[in-house]
$ cat input-v7.txt   # compact mmCIF, C-alpha atoms
# COMPACT_ATOMS: atom_id res chain seq x y z
CA MET A 109 80.48 122.93 107.42
CA LEU A 110 82.25 121.14 110.29
CA LEU A 111 79.60 118.40 110.34
CA LEU A 112 79.89 117.93 106.56
CA THR A 113 83.68 117.65 106.87
CA LEU A 114 83.36 115.04 109.60
CA LEU A 115 80.84 113.01 107.61
CA LEU A 116 82.96 112.94 104.47
CA SER A 117 86.11 112.09 106.39
CA GLY A 118 84.45 109.04 107.94
CA VAL A 119 84.59 110.48 111.50
CA HIS A 120 81.17 110.43 113.11
CA THR A 121 80.85 111.62 116.72
CA PHE A 122 77.71 112.50 118.60
CA PRO A 123 77.41 113.88 122.16
CA ALA A 124 75.92 111.47 124.66
CA ASN A 125 72.70 113.48 124.89
CA VAL A 126 72.26 113.88 121.12
CA SER A 127 70.84 111.17 118.89
CA SER A 128 72.31 110.34 115.50
CA PRO A 129 70.90 112.02 112.37
CA SER A 130 68.84 108.89 111.67
CA ALA A 131 67.26 109.01 115.11
CA THR A 132 66.41 112.72 115.12
CA SER A 133 64.52 112.36 111.84
CA ASN A 134 62.44 109.40 113.00
CA PRO A 135 60.05 109.83 115.97
CA SER A 136 59.58 106.07 116.13
CA LEU A 137 63.34 105.64 116.52
CA LEU A 138 63.44 108.21 119.30
CA ALA A 139 60.84 106.19 121.17
CA LEU A 140 62.76 102.97 120.51
CA THR A 141 66.09 104.27 121.78
CA ALA A 142 64.44 105.69 124.88
CA ILE A 143 63.43 102.19 126.04
CA ASP A 144 65.75 100.83 128.71
CA CYS A 145 67.27 97.46 127.99
CA PRO A 146 66.20 94.67 130.37
CA PRO A 147 68.77 92.51 132.16
CA CYS A 148 70.49 90.18 129.71
CA GLN A 149 69.10 86.65 129.77
CA PRO A 150 70.66 84.77 126.83
CA GLU A 151 68.34 81.80 127.31
CA LEU A 152 65.42 84.06 126.34
CA CYS A 153 67.01 85.24 123.09
CA PRO A 154 65.15 84.10 119.94
CA LEU A 155 66.83 81.57 117.68
CA THR A 156 68.93 83.36 115.06
CA PRO A 157 68.63 82.05 111.49
CA LEU A 158 71.55 81.57 109.14
CA CYS A 159 72.57 85.10 108.18
CA PRO A 160 74.30 86.05 104.88
CA ALA A 161 76.52 88.62 106.64
CA GLY A 162 76.85 86.80 109.95
CA TRP A 163 75.53 87.74 113.37
CA VAL A 164 75.94 90.94 115.35
CA LEU A 165 74.86 91.91 118.84
CA GLY A 166 71.53 93.69 119.00
CA ARG A 167 70.90 97.16 120.39
CA CYS A 168 71.03 95.98 124.00
CA GLY A 169 74.23 94.00 123.55
CA CYS A 170 72.67 90.72 124.63
CA CYS A 171 70.94 88.83 121.83
CA GLN A 172 72.32 88.21 118.36
CA GLU A 173 70.64 89.32 115.14
CA CYS A 174 71.47 89.24 111.45
CA GLY A 175 74.00 91.86 110.36
CA ASN A 176 73.26 94.02 107.33
CA VAL A 177 74.82 92.95 104.03
CA GLU A 178 76.87 95.08 101.65
CA GLY A 179 74.82 97.94 100.21
CA GLN A 180 72.14 97.94 102.91
CA PRO A 181 71.41 101.10 104.96
CA CYS A 182 73.02 101.15 108.40
CA ASP A 183 73.33 103.31 111.53
CA LEU A 184 76.37 105.50 112.07
CA ASP A 185 75.34 105.58 115.71
CA PRO A 186 77.05 102.50 117.24
CA ARG A 187 73.81 101.61 119.02
CA GLY A 188 72.43 100.46 115.66
CA ALA A 189 68.88 101.00 116.86
CA PHE A 190 67.10 101.74 113.57
CA TYR A 191 68.66 100.30 110.40
CA GLY A 192 70.90 97.94 112.34
CA ARG A 193 74.59 97.12 112.30
CA CYS A 194 76.73 95.89 109.45
CA GLY A 195 77.80 92.25 109.39
CA ARG A 196 81.25 90.69 109.33
CA HIS A 197 83.99 92.41 107.31
CA LEU A 198 81.69 95.41 106.75
CA ARG A 199 81.70 99.00 107.97
CA CYS A 200 79.03 101.70 107.94
CA GLN A 201 79.97 104.81 106.00
CA LEU A 202 78.62 107.62 103.85
CA ASP A 203 79.21 107.83 100.13
CA PRO A 204 80.53 111.31 99.17
CA ALA A 205 79.33 110.63 95.61
CA ASP A 206 75.77 111.24 96.83
CA LEU A 207 76.66 114.90 97.40
CA LEU A 208 78.02 115.22 93.88
CA HIS A 209 74.65 114.12 92.53
CA GLY A 210 72.71 116.48 94.81
CA ASN A 211 71.44 113.70 97.07
CA ILE A 212 71.47 113.56 100.86
CA PRO A 213 74.18 111.04 101.83
CA GLU A 214 72.77 107.88 103.40
CA PRO A 215 75.06 105.57 105.36
CA ARG A 216 75.40 102.09 103.90
CA CYS A 217 77.40 98.98 104.63
CA VAL A 218 80.64 98.75 102.65
CA CYS A 219 83.03 95.81 102.56
CA GLU A 220 86.27 96.64 104.34
CA SER A 221 88.23 94.95 101.54
CA GLN A 222 87.48 95.39 97.85
CA GLN A 223 90.05 92.76 96.88
CA VAL A 224 88.90 90.04 94.50
CA VAL A 225 89.22 86.64 96.20
CA CYS A 226 89.28 82.98 95.18
CA GLY A 227 86.93 80.74 97.16
CA SER A 228 87.53 77.15 98.21
CA ASP A 229 84.79 76.19 95.73
CA GLY A 230 86.98 77.38 92.84
CA VAL A 231 84.81 80.44 92.16
CA THR A 232 86.09 84.02 91.93
CA TYR A 233 84.20 86.57 94.04
CA GLU A 234 84.18 90.36 93.92
CA ASN A 235 85.26 90.51 97.58
CA ILE A 236 85.08 88.46 100.79
CA CYS A 237 81.74 90.01 101.76
CA ARG A 238 80.08 88.93 98.51
CA MET A 239 81.54 85.46 98.93
CA GLU A 240 80.11 84.97 102.42
CA GLU A 241 76.75 86.46 101.41
CA ARG A 242 76.32 84.14 98.42
CA THR A 243 77.66 80.96 99.99
CA GLN A 244 76.15 81.35 103.48
CA HIS A 245 79.67 81.08 104.99
CA SER A 246 80.18 77.58 103.57
CA VAL A 247 83.21 78.67 101.52
CA THR A 248 86.58 80.00 102.68
CA VAL A 249 89.15 82.20 100.94
CA THR A 250 91.99 80.19 99.43
CA SER A 251 93.89 83.16 97.96
CA SER A 252 93.68 86.84 97.12
CA GLY A 253 92.98 87.56 93.48
CA PRO A 254 90.94 85.49 91.05
CA CYS A 255 91.01 81.71 90.86
CA GLU A 256 93.30 80.22 88.24
CA ALA A 257 90.97 78.56 85.76
CA ALA A 258 90.03 78.28 82.12
CA PRO A 259 87.87 81.14 80.79
CA GLN A 260 84.12 80.58 80.56
CA ILE A 261 81.89 82.49 78.16
CA LYS A 262 78.59 83.22 79.89
CA LEU A 263 76.81 85.32 77.24
CA PRO A 264 77.50 84.03 73.72
CA PRO A 265 77.14 86.39 70.75
CA GLN A 266 73.77 86.55 69.02
CA ASN A 267 73.01 85.91 65.38
CA LEU A 268 72.93 88.94 63.08
CA VAL A 269 71.03 89.66 59.87
CA SER A 270 72.12 92.67 57.80
CA VAL A 271 72.40 93.79 54.18
CA THR A 272 75.26 94.37 51.78
CA GLY A 273 77.00 97.71 52.21
CA LYS A 274 76.29 97.97 55.95
CA ASP A 275 78.73 97.62 58.87
CA ILE A 276 78.43 95.23 61.82
CA ILE A 277 80.34 94.71 65.06
CA PHE A 278 80.69 91.57 67.17
CA HIS A 279 81.74 92.20 70.77
CA CYS A 280 83.27 89.68 73.15
CA GLU A 281 84.25 90.20 76.82
CA VAL A 282 86.35 87.69 78.74
CA PHE A 283 87.20 87.49 82.45
CA ALA A 284 89.81 84.92 83.42
CA PHE A 285 93.07 84.39 85.31
CA PRO A 286 95.68 83.97 84.04
CA MET A 287 94.84 86.48 81.34
CA VAL A 288 93.51 85.07 78.11
CA THR A 289 94.26 85.45 74.43
CA ILE A 290 91.19 86.35 72.35
CA GLU A 291 90.99 85.48 68.67
CA TRP A 292 88.25 85.66 66.04
CA TRP A 293 87.70 82.90 63.47
CA LYS A 294 85.32 82.30 60.58
CA ASP A 295 84.19 78.76 59.82
CA ASP A 296 85.61 78.72 56.29
CA HIS A 297 88.95 80.41 57.11
CA ALA A 298 92.18 78.54 57.80
CA GLU A 299 93.63 81.38 59.91
CA SER A 300 92.34 83.81 62.53
CA LEU A 301 90.81 87.11 61.47
CA PRO A 302 91.40 89.70 60.15
CA GLY A 303 93.98 88.01 57.94
CA ASP A 304 94.61 90.11 54.83
CA ASP A 305 90.99 91.34 54.47
CA PRO A 306 90.96 95.18 54.64
CA HIS A 307 87.21 95.16 55.40
CA ILE A 308 87.75 93.34 58.72
CA SER A 309 89.43 94.72 61.83
CA VAL A 310 89.96 93.32 65.34
CA GLN A 311 90.66 95.28 68.52
CA VAL A 312 91.48 94.10 72.05
CA CYS A 313 91.30 96.32 75.12
CA GLN A 314 91.52 95.77 78.86
CA ILE A 315 88.09 96.35 80.40
CA SER A 316 89.54 98.82 82.92
CA CYS A 317 90.13 101.23 80.03
CA ARG A 318 86.38 101.81 79.94
CA GLY A 319 85.47 101.43 83.59
CA GLY A 320 84.84 97.69 83.99
CA PRO A 321 83.75 96.47 87.44
CA MET A 322 86.53 93.90 87.89
CA HIS A 323 90.17 93.43 86.93
CA TYR A 324 91.56 90.71 84.68
CA GLU A 325 89.01 91.42 81.95
CA LEU A 326 89.55 91.80 78.23
CA SER A 327 87.18 93.16 75.64
CA SER A 328 87.49 92.46 71.92
CA TRP A 329 85.65 93.76 68.88
CA LEU A 330 85.35 92.24 65.41
CA GLN A 331 84.17 94.83 62.90
CA ILE A 332 83.21 94.13 59.29
CA GLU A 333 82.77 97.21 57.11
CA THR A 334 80.79 97.41 53.88
CA LEU A 335 79.31 93.93 54.11
CA ARG A 336 79.50 91.66 51.08
CA LYS A 337 77.45 88.57 50.34
CA HIS A 338 80.38 86.22 51.02
CA ASP A 339 80.73 87.62 54.56
CA THR A 340 77.81 85.36 55.44
CA GLY A 341 78.93 82.61 57.80
CA ILE A 342 79.59 81.57 61.39
CA TYR A 343 82.02 83.65 63.44
CA HIS A 344 83.72 82.43 66.59
CA CYS A 345 85.11 84.30 69.58
CA VAL A 346 87.86 82.05 71.00
CA ALA A 347 89.45 82.67 74.42
CA SER A 348 92.31 80.57 75.73
CA ASN A 349 94.90 80.40 78.48
CA LYS A 350 97.07 77.60 79.90
CA PHE A 351 94.05 76.04 81.65
CA GLY A 352 91.80 75.66 78.62
CA ARG A 353 90.10 77.03 75.54
CA VAL A 354 86.46 78.09 75.08
CA MET A 355 84.49 79.33 72.10
CA ALA A 356 81.24 81.21 71.46
CA SER A 357 79.74 81.43 67.98
CA ALA A 358 77.30 83.63 66.09
CA ASN A 359 75.82 83.39 62.61
CA LEU A 360 75.93 86.35 60.24
CA THR A 361 73.47 86.45 57.35
CA VAL A 362 74.02 89.07 54.65
CA LEU A 363 71.10 89.78 52.31
CA PRO A 364 71.19 91.72 49.03
CA SER A 365 70.30 95.33 49.81
CA LYS A 366 67.70 95.59 47.01
CA THR A 367 65.88 92.46 48.21
CA TYR A 368 65.88 93.75 51.76
CA PHE A 369 64.49 97.13 50.75
CA PHE A 370 61.70 95.41 48.87
CA GLN A 371 60.73 93.28 51.87
CA GLN A 372 61.15 95.88 54.62
CA ARG A 373 60.65 99.60 54.90
CA PRO A 374 63.98 101.47 55.02
CA ASN A 375 63.57 102.53 58.65
CA PHE A 376 63.51 98.87 59.71
CA ILE A 377 67.02 98.21 58.44
CA PRO A 378 69.20 97.47 61.47
CA LYS A 379 72.15 99.75 62.10
CA ALA A 380 75.61 98.51 63.06
CA GLN A 381 75.24 96.83 66.41
CA MET A 382 77.44 95.89 69.30
CA LEU A 383 76.80 92.46 70.83
CA LEU A 384 77.79 91.51 74.33
CA CYS A 385 79.68 88.28 74.86
CA LYS A 386 80.61 88.27 78.54
CA SER A 387 82.84 85.64 80.05
CA VAL A 388 83.50 85.34 83.78
CA ILE A 389 85.06 82.75 85.98
CA SER A 390 82.57 80.72 87.92

$ encode --input "input-v7.txt" --output "structure tokens"
Amino acid sequence: MLLLTLLLSGVHTFPANVSSPSATSNPSLLALTAIDCPPCQPELCPLTPLCPAGWVLGRCGCCQECGNVEGQPCDLDPRGAFYGRCGRHLRCQLDPADLLHGNIPEPRCVCESQQVVCGSDGVTYENICRMEERTQHSVTVTSSGPCEAAPQIKLPPQNLVSVTGKDIIFHCEVFAFPMVTIEWWKDDHAESLPGDDPHISVQVCQISCRGGPMHYELSSWLQIETLRKHDTGIYHCVASNKFGRVMASANLTVLPSKTYFFQQRPNFIPKAQMLLCKSVIS
């Protein structure tokens, strides 16, 4: 019980004559850690390639090697003799969530800061560790939080084919800073939806309300109930802020229900769907 408490609290201590849990479960690691380190001769160290998470000192504290990136297994033992050590801005820790799922906790590298950052390339990154991993340390942090930029829609909505009397849903997600305004338009309408049409409804929700991975995200739904023939047309998800305006479009085709039943078996009729339209800053 004491060991479990120490592991979950992030405190990991091992007596000098006791190997870490990783070492005791691996005979090959026991043999490796038993080898004495030779005198340090830096001129004999192998050339170290460009490392996504930077360089760390090897087990003997002489030569450099690539540090482990975020999410990779690591050694709680500071010797880092088996899995290796975490790279820059990373720490090795256990995830208590593993216990909740009945799994044996395995130490992994976790970024010390989970703050979204804006890179000098104008791209928003999940955290500084992800930025350095993806850019090979060629980009620096210009500010905490996302970059100020116009929204960009990465996954446009898909075309839909349905029949009269059915319901459909278009879904659009936008990530941008400053926050955006999301509107829905139809190609033959002079104003944004829903207007005065009782069959059409629009909802907007912050992504965090359903567990989104990043802040500054909005999700919007356009729902059309009891489709009619004249609902056929092109629908647009429009996102805008002070830096710009972007649009993604999808075509809706509504067929007469009797014609559709004649051409297709009933079990092939599509049900109301939810389409993903994801927009992120890049």

$ closest_residue --input "input-v7.txt" --among "A:Val225, A:Ile332, A:Ala358, A:Leu207" --to "His307 of chain A" --atoms "all atoms listed in the file"
A:Ile332

$ closest_residue --input "input-v7.txt" --among "A:Pro364, A:Pro306, A:Gly175, A:Pro265" --to "Gly195 of chain A" --atoms "all atoms listed in the file"
A:Gly175

$ closest_residue --input "input-v7.txt" --among "A:Arg187, A:Glu333, A:Glu173, A:Gly253" --to "Pro160 of chain A" --atoms "all atoms listed in the file"
A:Glu173

$ residues_around --input "input-v7.txt" --residues "Cys345 of chain A" --least-positions-apart "6" --cutoff "8 Å" --atoms "all atoms listed in the file" --output "list in words"
Cys280, Ile290, Glu291, Trp292, Trp293, Met355, Ala356 and Ser357 of chain A

$ atom_distance --input "input-v7.txt" --atom1 "atom CA of Ile308 of chain A" --atom2 "atom CA of Lys366 of chain A"
23.3 Å
